[in-house]
Amino acid sequence: MQYWRTPLDAARMTGAHGDVVIIADRCKGCGFCVEYCPLDVLVMSREFNRKGYHPPAVVKSGGCVNCNLCEMICPEFAIFSVARPPEAELQRAAAEGGP
Amino acid sequence: MKADPAGVLTGAHYLDGDFACGEGAMAAGCRFVAGYPITPSTEVVERIARRFPLMGGTFIQMEDELASMAAVVGASWTGSKAMTVTSGPGFSLMMENIGLAAMMETPCVVVDVQRGGPSTGLPTMVGQGDVMQARWGSHGDYEVIALTPQSPQEAFDLTIDAFNLAERYRVPVMFLMDECVGHMTERVVIPEPGAIEVVPRALTAKPPAEFEPYRIDGGTIPEFARAGDGYRFHTTGLTHDERGYPVMSAGCQESCVRRLLDKIQGDADRIVRFEEEGTDDADVVVVAYGITARVARLAIEQARRQGVKVGFLRLIVLWPFPEKRIRELAGSVGAFVVPEINYGQIVLEVERCAGGRCDVVSVTHGGGAVHDPAKITGEILAAGAVAA
Amino acid sequence: MSVAKVGTRTDFPAEPPEHPTAPYLRMERIPHVWCPGCGIGTVVQCYATALGRSGVDLDKASVVSGIGCSGRAAGYLKLDGFHTTHGRAIPFATGLKLGRPELQVTVFSGDGDLTGIGGNHFIHAARRNMDLLVILINNFIYGMTGGQNAPTTPLSARSSTMPFGNFEPPFNVPHLAASSGAAYVARWTCLHIRRLTWTLEEAIQRRGFRLVEVIAPCPTLYSRLNKLGTGLDGMSFYHDNAVIRHGADTRELAIDFQKGIVCGKFVDEEKPTFSELMDEHYGRVLGEKYVPMPASGGWQHG
C-alpha cells in the first residue's frame, strides 16, 4: 500500500496481515473475489479445478490484510482469510522450526 | 395419555356437529387452529376462537385456505396438535399443502364440512361430493386417513380419533363432515378428561447427532423431532432421503413414496372402521356414510318390512377403504346399494372391490338435500327382487 | 519447515481447512445448486455471518423457504430447515412461530415466490406484523423454471415469457412491505456484503415483520436473456449504479431496467407484533382467564 508520507507511528504499528485459503474444488469461477479484493491479491488461475472451473490464486504474496471480503462475497464458501501473526512472530517461529 | 382437562367440556350438551367437532379437537389436545371463513364449516372455528384463549391455544384467521393449511403444517412441526377447517372450495385450495403434509409426514387434521359442488355450488346446503377429493385431491401418490361422522356425538368422538390417528401414522387426517351433520343439533355427551385417551406427539429420544428425520428403525414410521429442540433437521416437499435431503432419482422416489403408501395400506386392517348390521344372511347390503347413513337406515327398515333381507354397512373410516370386508360380502350378497349425496363416488370403490361378483347399485343425489328414503327403499326392493 | 508465505503455503492438509461459515451450513450438501455467478450463495454467507454475530440460540432458529432458486437456501443452513411449497413459506413460518413462540424464524425465498404466488401472504404477514425476518432475494426473474417473467421484472426487460420485453409494471418490493405495515424494511445488493451483514444482524435483533430485499444477479437467465453479461458484470453494474439513501421514501424505490438501485434502510419502527397484540388484548379483555400459548409451544409432548 502506498502512503503519501510515512505515518508517524509506522515504527510502532503493525498492519493486519492474513493468509488466503482457497478451497479450489468448491470454486465455480465467478471471479467475485478476484475483482473485489481491495489489494488485488488474487488472480484467476489458469489451472482447472475438479469441476472444470478456474479457481483464484494468490499472486501478491504478503498482500492480504485479512479483510475477509473474499470470504463474504464468495457465493460458494470456497475462500476465506485467516489472520497471520505479525512478521516478527513468524520469524521467531521459523527460527524455532516452523509455525 | 389422558386428555388435558383445560380442553374438555365434560357434561351433556346440546351442540351442533360443528361445535361438537371443535370440542372434540380441544379435548384431543389441539392447540393451534388456522382457518378461513367458509360456510358451512365456520362454526367450528368460531367455537374454538372463543375457547382457545382460555386454554393456551392459538387461533389465527389466515388470509386464505392456502395459508391456513400451510400454517397448520408449520405449527405441527413445533409439536403442537394442529387443525384447519373448511368446506369444498377451501378444501380445493388446501390440497397443495395437504400434499406437503403427506410428504413431510406431518400429523394434522383437516375438517371439511361438505356442501354441494362443484365450484361455489351450494354454500349452505348439503353434499358429499368431496370424498374422492379427500383421497386423491393433491397430486401424486400418497395415502391419507378419512373419517365420516353421522351425528354431532360422532363429530366429537371421531375428531379425537382423527387426532390420534394423525399422531400415530404421521399423516394428515381428513375429517369429512357434511352440512347436515355440521348443522344438526343433538345431545352430545363429553366424558371426563380421564376417560379420553389421546395420543401425544411422540418425540424422538435420540440425541441430535444420531437423529435423521426420515430414518426407519423397524416399523414404517420415522421418529419425530420438533423445531427448536436442537436437532437442526431438514425437511422438504421434494423427494428426500432419510436425512430429509432432496434426492432426485427414481430409486429415492420409490423408497420415499412407497413408504408413504405402505404405512397406511399395510396397517389398513387396524385403521378401517365400519358398523355392520344384519349382513349375515343379507341379499342386499346398503353401504352408506355420513348423513346418508341415517337416511338409509329408514329405507332399510321400510325394505325389511316388505320382506327383503337387507344388511347395513356404515363406513366410519372412509379411507383406507374397507376392501376386505366388501370383497367378502360380495361373495355372499346379491347386491350392494350405495346411496350418497353425489353422482357416484364411493360406489366406484364398492364396484372395484365387488369385482363383478354381485350387482352394485348407485343411488345418487346431486346435493342440496338428503335422499328421499323412498328412493333408496325402491332401489333396495329392486335389487332384492333380482337377488331373491 | 519454511515460513509460510501468502500464496506459497505448502502446509495445507490434504483436506482444506474448514470454512469459517461451516458451522452454520450443511457442508455435506456443498457445492450447492446455484449457478456460477449467482448471488444467492453470497446472501447465505452474509446471513450466516450475521446469525453468528447476533448471538441468537441457533437451536431455536428456524429457516423456512418456498420454491425456486432462493428457496433452496433452507436446505443449506444448519438450522431447523423447512423447504415448503411454492409461495407458502410465510404462512408456514407463521404456524411455526405461533406454534412455538420462542423460535427465531427466518423466511428465505425469492421474488417470485414471495411476491408472486405468495404475494397475498406477504402483505398479510406485514399487516399483522408477524414476527418473521423475511430475506427476499430479487433477481427479477423466475430462475429455476427457466427465466419467466416475474412480478419484479423491470419494464422492457426480456424474460422467456416476455420475449419482446416486459410491459407489466413491476412491484416496488420495499414499498409493498412498508405500505402493508412492515416494521423493518431494507434493501441491498449482494455486492453490499458488509452493509447487508450489518442489516441482517440488526434485523435479527428486531421484532415484527422485517423485510430485507437483496438484489442478486442471475447470469444464467436474467442476464443472458437481457445480454447483461456474467454475474461479475451484474456486480459491476451494482457497483456503478447502486446508491445508498437511508430513510428514502419507499415510493421512490421502484427499479427501472438497468437504472439506479436505491439501497439502504427505509423503515425501522418499534411496534407490537401479532403475538404481542394478541397477548395484550386478551390479557385486557379476559384478565386472569387468559392462558397464553407457552413460549415452548402447545400442550402435550410425549
# chains A, B, ... in the order shown; residues from 1 in each chain; ligands from 1
call {"tool": "closest_atom_pairs", "arguments": {"of": "chain A", "to": "chain C", "cutoff": "7 Å", "atoms": "only C-alpha atoms", "output": "Markdown table"}}
result
| residue | atom | partner | partner_atom | distance |
| --- | --- | --- | --- | --- |
| A:Asp19 | CA | C:Val6 | CA | 5.3 |
| A:Val20 | CA | C:Val6 | CA | 6.8 |
| A:Ile23 | CA | C:Pro16 | CA | 6.1 |
| A:Arg26 | CA | C:Pro31 | CA | 6.2 |
| A:Lys28 | CA | C:Pro36 | CA | 5.2 |
| A:Gly29 | CA | C:Pro36 | CA | 6.6 |
| A:Cys30 | CA | C:Gly37 | CA | 4.7 |
| A:Gly31 | CA | C:Leu232 | CA | 6.7 |
| A:Phe32 | CA | C:Leu232 | CA | 6.2 |
| A:Val58 | CA | C:Gly7 | CA | 4.7 |
| A:Val59 | CA | C:Gly7 | CA | 6.4 |
| A:Ser61 | CA | C:Val6 | CA | 4.5 |
| A:Gly62 | CA | C:Val6 | CA | 5.2 |
| A:Met72 | CA | C:Gln45 | CA | 6.2 |
| A:Ile73 | CA | C:Thr42 | CA | 5.4 |
| A:Cys74 | CA | C:Thr42 | CA | 5.8 |
| A:Pro75 | CA | C:Gly41 | CA | 3.8 |
| A:Glu76 | CA | C:Gly41 | CA | 6.0 |
| A:Phe77 | CA | C:His19 | CA | 6.7 |
| A:Phe80 | CA | C:His19 | CA | 6.7 |
| A:Leu90 | CA | C:Val3 | CA | 6.7 |
| A:Ala94 | CA | C:Val3 | CA | 5.5 |
| A:Gly97 | CA | C:Met1 | CA | 6.2 |
| A:Gly98 | CA | C:Met1 | CA | 5.1 |
call {"tool": "interface_residues", "arguments": {"of": "chain C", "to": "chain B", "cutoff": "6 Å", "atoms": "only C-alpha atoms", "output": "VMD selection string"}}
result
chain C and resid 59 to 60 79 to 84 91 to 92 94 to 96 99 to 100 289 to 293 298 300 to 302
call {"tool": "write_last_selection", "arguments": {"atoms": "C-alpha atoms", "output": "PDB file, in the first residue's frame"}}
result
ATOM      1  CA  ASP C  59     -31.068 -24.402  18.314  1.00  0.00           C
ATOM      2  CA  LYS C  60     -34.063 -22.087  18.464  1.00  0.00           C
ATOM      3  CA  LEU C  79     -30.782 -24.854  11.436  1.00  0.00           C
ATOM      4  CA  ASP C  80     -34.183 -26.475  11.649  1.00  0.00           C
ATOM      5  CA  GLY C  81     -34.952 -26.070   7.974  1.00  0.00           C
ATOM      6  CA  PHE C  82     -38.222 -26.289   6.092  1.00  0.00           C
ATOM      7  CA  HIS C  83     -38.376 -26.362   2.335  1.00  0.00           C
ATOM      8  CA  THR C  84     -42.090 -25.891   1.783  1.00  0.00           C
ATOM      9  CA  PRO C  91     -47.771 -18.863   6.225  1.00  0.00           C
ATOM     10  CA  PHE C  92     -45.775 -21.996   7.076  1.00  0.00           C
ATOM     11  CA  THR C  94     -46.395 -18.152  10.723  1.00  0.00           C
ATOM     12  CA  GLY C  95     -47.582 -21.533  12.002  1.00  0.00           C
ATOM     13  CA  LEU C  96     -44.090 -22.378  13.171  1.00  0.00           C
ATOM     14  CA  GLY C  99     -46.808 -22.905  17.480  1.00  0.00           C
ATOM     15  CA  ARG C 100     -43.631 -22.253  19.442  1.00  0.00           C
ATOM     16  CA  LYS C 289     -58.765 -16.216  32.472  1.00  0.00           C
ATOM     17  CA  TYR C 290     -56.401 -15.727  29.540  1.00  0.00           C
ATOM     18  CA  VAL C 291     -53.871 -18.528  29.141  1.00  0.00           C
ATOM     19  CA  PRO C 292     -51.238 -17.580  26.571  1.00  0.00           C
ATOM     20  CA  MET C 293     -49.515 -20.206  24.481  1.00  0.00           C
ATOM     21  CA  GLY C 298     -48.617 -26.025  22.844  1.00  0.00           C
ATOM     22  CA  GLN C 300     -48.646 -32.212  25.136  1.00  0.00           C
ATOM     23  CA  HIS C 301     -45.448 -33.811  24.036  1.00  0.00           C
ATOM     24  CA  GLY C 302     -44.527 -37.390  24.688  1.00  0.00           C
TER      25      GLY C 302
END
call {"tool": "select_by_dssp", "arguments": {"residues": "range 23-192 of chain C", "states": "strand (DSSP E or B)", "output": "ChimeraX atom specification"}}
result
/C:25,61-65,77,80-83,104-110,133-138,141-142,148-149,159,162,184-189
call {"tool": "residues_around", "arguments": {"residues": "Val308 in chain B", "least_positions_apart": "3", "cutoff": "8 Å", "atoms": "only C-alpha atoms", "output": "list in words"}}
result
Asp283, Val284, Ala303, Arg304, Arg305, Ile380, Leu381 and Gly384 of chain B
call {"tool": "write_last_selection", "arguments": {"atoms": "all heavy atoms", "output": "PDB file, in the first residue's frame"}}
result
ATOM      1  N   ASP B 283     -79.463 -60.429   1.421  1.00  0.00           N
ATOM      2  CA  ASP B 283     -79.429 -60.482  -0.043  1.00  0.00           C
ATOM      3  C   ASP B 283     -78.890 -59.166  -0.594  1.00  0.00           C
ATOM      4  O   ASP B 283     -78.279 -59.116  -1.652  1.00  0.00           O
ATOM      5  CB  ASP B 283     -80.841 -60.704  -0.606  1.00  0.00           C
ATOM      6  CG  ASP B 283     -81.314 -62.138  -0.329  1.00  0.00           C
ATOM      7  OD1 ASP B 283     -80.460 -63.040  -0.329  1.00  0.00           O
ATOM      8  OD2 ASP B 283     -82.521 -62.317  -0.086  1.00  0.00           O
ATOM      9  N   VAL B 284     -79.192 -58.112   0.150  1.00  0.00           N
ATOM     10  CA  VAL B 284     -78.767 -56.778  -0.278  1.00  0.00           C
ATOM     11  C   VAL B 284     -78.058 -56.117   0.904  1.00  0.00           C
ATOM     12  O   VAL B 284     -78.502 -56.229   2.046  1.00  0.00           O
ATOM     13  CB  VAL B 284     -79.984 -55.919  -0.693  1.00  0.00           C
ATOM     14  CG1 VAL B 284     -79.543 -54.506  -1.068  1.00  0.00           C
ATOM     15  CG2 VAL B 284     -80.764 -56.566  -1.823  1.00  0.00           C
ATOM     16  N   ALA B 303     -87.674 -51.455   3.795  1.00  0.00           N
ATOM     17  CA  ALA B 303     -87.457 -52.604   2.902  1.00  0.00           C
ATOM     18  C   ALA B 303     -87.604 -53.918   3.672  1.00  0.00           C
ATOM     19  O   ALA B 303     -88.146 -54.902   3.156  1.00  0.00           O
ATOM     20  CB  ALA B 303     -86.088 -52.507   2.254  1.00  0.00           C
ATOM     21  N   ARG B 304     -87.105 -53.924   4.906  1.00  0.00           N
ATOM     22  CA  ARG B 304     -87.244 -55.144   5.711  1.00  0.00           C
ATOM     23  C   ARG B 304     -88.706 -55.460   5.971  1.00  0.00           C
ATOM     24  O   ARG B 304     -89.105 -56.618   5.970  1.00  0.00           O
ATOM     25  CB  ARG B 304     -86.510 -54.975   7.042  1.00  0.00           C
ATOM     26  CG  ARG B 304     -85.010 -55.183   6.890  1.00  0.00           C
ATOM     27  CD  ARG B 304     -84.292 -54.977   8.197  1.00  0.00           C
ATOM     28  NE  ARG B 304     -82.851 -55.140   8.005  1.00  0.00           N
ATOM     29  CZ  ARG B 304     -81.939 -54.638   8.820  1.00  0.00           C
ATOM     30  NH1 ARG B 304     -82.293 -53.955   9.906  1.00  0.00           N
ATOM     31  NH2 ARG B 304     -80.667 -54.837   8.578  1.00  0.00           N
ATOM     32  N   ARG B 305     -89.496 -54.419   6.195  1.00  0.00           N
ATOM     33  CA  ARG B 305     -90.920 -54.618   6.425  1.00  0.00           C
ATOM     34  C   ARG B 305     -91.563 -55.275   5.219  1.00  0.00           C
ATOM     35  O   ARG B 305     -92.553 -55.979   5.330  1.00  0.00           O
ATOM     36  CB  ARG B 305     -91.601 -53.270   6.742  1.00  0.00           C
ATOM     37  CG  ARG B 305     -91.956 -53.176   8.224  1.00  0.00           C
ATOM     38  CD  ARG B 305     -92.626 -51.859   8.547  1.00  0.00           C
ATOM     39  NE  ARG B 305     -91.723 -51.006   9.309  1.00  0.00           N
ATOM     40  CZ  ARG B 305     -91.478 -49.735   9.069  1.00  0.00           C
ATOM     41  NH1 ARG B 305     -92.094 -49.115   8.085  1.00  0.00           N
ATOM     42  NH2 ARG B 305     -90.657 -49.054   9.817  1.00  0.00           N
ATOM     43  N   ILE B 380     -83.483 -50.775  -3.045  1.00  0.00           N
ATOM     44  CA  ILE B 380     -83.249 -51.996  -2.265  1.00  0.00           C
ATOM     45  C   ILE B 380     -84.238 -53.081  -2.716  1.00  0.00           C
ATOM     46  O   ILE B 380     -83.862 -54.241  -2.932  1.00  0.00           O
ATOM     47  CB  ILE B 380     -83.411 -51.739  -0.744  1.00  0.00           C
ATOM     48  CG1 ILE B 380     -82.366 -50.717  -0.248  1.00  0.00           C
ATOM     49  CG2 ILE B 380     -83.296 -53.040   0.049  1.00  0.00           C
ATOM     50  CD1 ILE B 380     -82.587 -50.243   1.187  1.00  0.00           C
ATOM     51  N   LEU B 381     -85.493 -52.673  -2.874  1.00  0.00           N
ATOM     52  CA  LEU B 381     -86.522 -53.644  -3.269  1.00  0.00           C
ATOM     53  C   LEU B 381     -86.208 -54.226  -4.644  1.00  0.00           C
ATOM     54  O   LEU B 381     -86.284 -55.440  -4.862  1.00  0.00           O
ATOM     55  CB  LEU B 381     -87.909 -52.990  -3.277  1.00  0.00           C
ATOM     56  CG  LEU B 381     -88.439 -52.550  -1.898  1.00  0.00           C
ATOM     57  CD1 LEU B 381     -89.786 -51.832  -2.032  1.00  0.00           C
ATOM     58  CD2 LEU B 381     -88.583 -53.762  -0.958  1.00  0.00           C
ATOM     59  N   GLY B 384     -83.294 -56.442  -4.316  1.00  0.00           N
ATOM     60  CA  GLY B 384     -83.701 -57.636  -3.575  1.00  0.00           C
ATOM     61  C   GLY B 384     -84.477 -58.592  -4.456  1.00  0.00           C
ATOM     62  O   GLY B 384     -84.325 -59.819  -4.357  1.00  0.00           O
TER      63      GLY B 384
END
call {"tool": "select_by_dssp", "arguments": {"residues": "range 33-267 of chain C", "states": "helix (DSSP H, G or I)", "output": "VMD selection string"}}
result
chain C and resid 40 to 54 58 to 60 70 to 75 89 to 99 111 to 117 119 to 128 173 to 180 193 to 205 219 to 225 231 to 241 250 to 252
call {"tool": "residues_around", "arguments": {"residues": "Val360 in chain B", "least_positions_apart": "5", "cutoff": "12 Å", "atoms": "only C-alpha atoms", "output": "ChimeraX atom specification"}}
result
/B:284-287,326,329-330,333-339,344,346-355,379-380,382-384,386-387
call {"tool": "closest_residue", "arguments": {"among": "B:Pro191, B:Pro320, B:Pro373, B:Gly367", "to": "Ala134 in chain B", "atoms": "only C-alpha atoms"}}
result
B:Pro320
call {"tool": "closest_residue", "arguments": {"among": "C:Asn149, C:Ser296, C:Ser65, C:Ser159", "to": "Val134 in chain C", "atoms": "only C-alpha atoms"}}
result
C:Ser65
call {"tool": "atom_distance", "arguments": {"atom1": "CA of Gln128 in chain B", "atom2": "CA of Met177 in chain B"}}
result
8.5 Å
call {"tool": "residues_around", "arguments": {"residues": "Arg84 in chain A", "least_positions_apart": "5", "cutoff": "9 Å", "atoms": "only C-alpha atoms", "output": "list in words"}}
result
Ala16, His17, Gly18, Asp19, Val65, Asn66 and Leu90 of chain A
call {"tool": "atom_distance", "arguments": {"atom1": "CA of Phe167 in chain C", "atom2": "CA of Ala150 in chain C"}}
result
11.5 Å
call {"tool": "closest_residue", "arguments": {"among": "C:Val185, C:Ala125, C:Ala48, C:Val285", "to": "Gln61 in chain B", "atoms": "only C-alpha atoms"}}
result
C:Ala125
call {"tool": "residues_around", "arguments": {"residues": "range 111-116 of chain B", "least_positions_apart": "4", "cutoff": "8 Å", "atoms": "only C-alpha atoms", "output": "list of chain:residue names"}}
result
B:Pro40, B:Ser41, B:Met83, B:Thr84, B:Val85, B:Thr86, B:Ser87, B:Gly88, B:Phe91, B:Gly121, B:Leu122, B:Pro123, B:Thr124, B:Met125, B:Val126, B:Gly127, B:Gln128, B:Gly129, B:Asp130, B:Met174, B:Phe175, B:Leu176, B:Met177, B:Asp178, B:Glu179, B:Gly182, B:Gly366, B:Gly367, B:Gly368
call {"tool": "write_last_selection", "arguments": {"atoms": "N, CA, C and O atoms", "output": "compact mmCIF listing (two decimals), in the first residue's frame"}}
result
# COMPACT_ATOMS: atom_id res chain seq x y z
N PRO B 40 -70.35 -24.34 5.18
CA PRO B 40 -70.99 -24.42 6.50
C PRO B 40 -70.05 -24.88 7.61
O PRO B 40 -70.47 -25.56 8.53
N SER B 41 -68.78 -24.48 7.53
CA SER B 41 -67.82 -25.02 8.49
C SER B 41 -67.45 -24.02 9.58
O SER B 41 -66.83 -24.36 10.58
N MET B 83 -54.94 -28.06 13.46
CA MET B 83 -56.11 -28.39 12.65
C MET B 83 -56.52 -27.19 11.81
O MET B 83 -56.30 -26.05 12.20
N THR B 84 -57.13 -27.46 10.68
CA THR B 84 -57.81 -26.41 9.94
C THR B 84 -59.19 -26.92 9.55
O THR B 84 -59.46 -28.13 9.61
N VAL B 85 -60.05 -25.99 9.21
CA VAL B 85 -61.46 -26.30 8.99
C VAL B 85 -61.93 -25.59 7.73
O VAL B 85 -61.62 -24.41 7.55
N THR B 86 -62.67 -26.29 6.90
CA THR B 86 -63.10 -25.65 5.66
C THR B 86 -64.29 -26.38 5.06
O THR B 86 -64.86 -27.30 5.65
N SER B 87 -64.67 -25.96 3.85
CA SER B 87 -65.66 -26.66 3.05
C SER B 87 -65.09 -26.73 1.63
O SER B 87 -64.01 -26.20 1.37
N GLY B 88 -65.82 -27.36 0.74
CA GLY B 88 -65.33 -27.69 -0.59
C GLY B 88 -64.37 -26.72 -1.26
O GLY B 88 -63.23 -27.08 -1.56
N PHE B 91 -61.31 -26.51 0.62
CA PHE B 91 -60.65 -27.82 0.61
C PHE B 91 -59.80 -27.93 -0.66
O PHE B 91 -58.68 -28.44 -0.63
N GLY B 121 -70.97 -23.81 -5.89
CA GLY B 121 -72.03 -24.78 -5.66
C GLY B 121 -73.13 -24.30 -4.76
O GLY B 121 -73.73 -23.26 -4.99
N LEU B 122 -73.39 -25.09 -3.70
CA LEU B 122 -74.48 -24.81 -2.77
C LEU B 122 -73.89 -24.52 -1.40
O LEU B 122 -73.78 -25.42 -0.57
N PRO B 123 -73.52 -23.26 -1.14
CA PRO B 123 -72.78 -22.96 0.09
C PRO B 123 -73.46 -23.38 1.38
O PRO B 123 -72.79 -23.77 2.32
N THR B 124 -74.78 -23.30 1.41
CA THR B 124 -75.43 -23.57 2.70
C THR B 124 -76.16 -24.90 2.71
O THR B 124 -76.92 -25.18 3.62
N MET B 125 -75.92 -25.70 1.69
CA MET B 125 -76.70 -26.95 1.60
C MET B 125 -75.79 -28.16 1.43
O MET B 125 -74.67 -28.06 0.95
N VAL B 126 -76.33 -29.29 1.81
CA VAL B 126 -75.51 -30.49 1.99
C VAL B 126 -74.99 -31.09 0.68
O VAL B 126 -75.60 -30.96 -0.38
N GLY B 127 -73.85 -31.72 0.79
CA GLY B 127 -73.28 -32.51 -0.30
C GLY B 127 -72.31 -33.52 0.28
O GLY B 127 -71.90 -33.41 1.45
N GLN B 128 -71.97 -34.53 -0.51
CA GLN B 128 -70.94 -35.48 -0.11
C GLN B 128 -69.99 -35.72 -1.28
O GLN B 128 -69.50 -36.81 -1.49
N GLY B 129 -69.77 -34.65 -2.02
CA GLY B 129 -69.03 -34.78 -3.26
C GLY B 129 -67.52 -34.65 -3.12
O GLY B 129 -66.80 -34.63 -4.12
N ASP B 130 -67.02 -34.55 -1.86
CA ASP B 130 -65.58 -34.34 -1.68
C ASP B 130 -64.86 -35.61 -1.25
O ASP B 130 -63.68 -35.57 -0.90
N MET B 174 -58.28 -36.52 7.16
CA MET B 174 -59.42 -35.75 6.64
C MET B 174 -60.65 -36.07 7.48
O MET B 174 -60.98 -37.25 7.67
N PHE B 175 -61.29 -35.05 7.96
CA PHE B 175 -62.49 -35.25 8.76
C PHE B 175 -63.67 -34.77 7.93
O PHE B 175 -63.94 -33.58 7.84
N LEU B 176 -64.36 -35.73 7.31
CA LEU B 176 -65.38 -35.39 6.32
C LEU B 176 -66.77 -35.34 6.93
O LEU B 176 -67.49 -36.33 6.97
N MET B 177 -67.10 -34.16 7.41
CA MET B 177 -68.48 -33.96 7.85
C MET B 177 -69.28 -33.56 6.61
O MET B 177 -68.74 -33.42 5.52
N ASP B 178 -70.57 -33.37 6.80
CA ASP B 178 -71.36 -32.76 5.73
C ASP B 178 -72.24 -31.70 6.38
O ASP B 178 -72.36 -31.65 7.60
N GLU B 179 -72.82 -30.86 5.57
CA GLU B 179 -73.57 -29.72 6.10
C GLU B 179 -74.64 -30.17 7.09
O GLU B 179 -74.86 -29.52 8.10
N GLY B 182 -73.03 -31.16 10.29
CA GLY B 182 -72.43 -29.96 10.86
C GLY B 182 -73.45 -29.04 11.51
O GLY B 182 -73.19 -28.44 12.54
N GLY B 366 -77.67 -35.15 -6.23
CA GLY B 366 -76.74 -34.09 -6.60
C GLY B 366 -76.37 -33.15 -5.48
O GLY B 366 -75.40 -32.40 -5.60
N GLY B 367 -77.10 -33.19 -4.38
CA GLY B 367 -76.81 -32.29 -3.27
C GLY B 367 -77.87 -31.25 -3.10
O GLY B 367 -78.71 -31.04 -3.97
N GLY B 368 -77.86 -30.59 -1.94
CA GLY B 368 -78.88 -29.59 -1.64
C GLY B 368 -79.95 -30.13 -0.73
O GLY B 368 -80.71 -29.39 -0.13
call {"tool": "residues_around", "arguments": {"residues": "Val44 in chain B", "least_positions_apart": "5", "cutoff": "7 Å", "atoms": "only C-alpha atoms", "output": "list of chain:residue names"}}
result
B:Asp18, B:Phe19, B:Cys21, B:Gly22
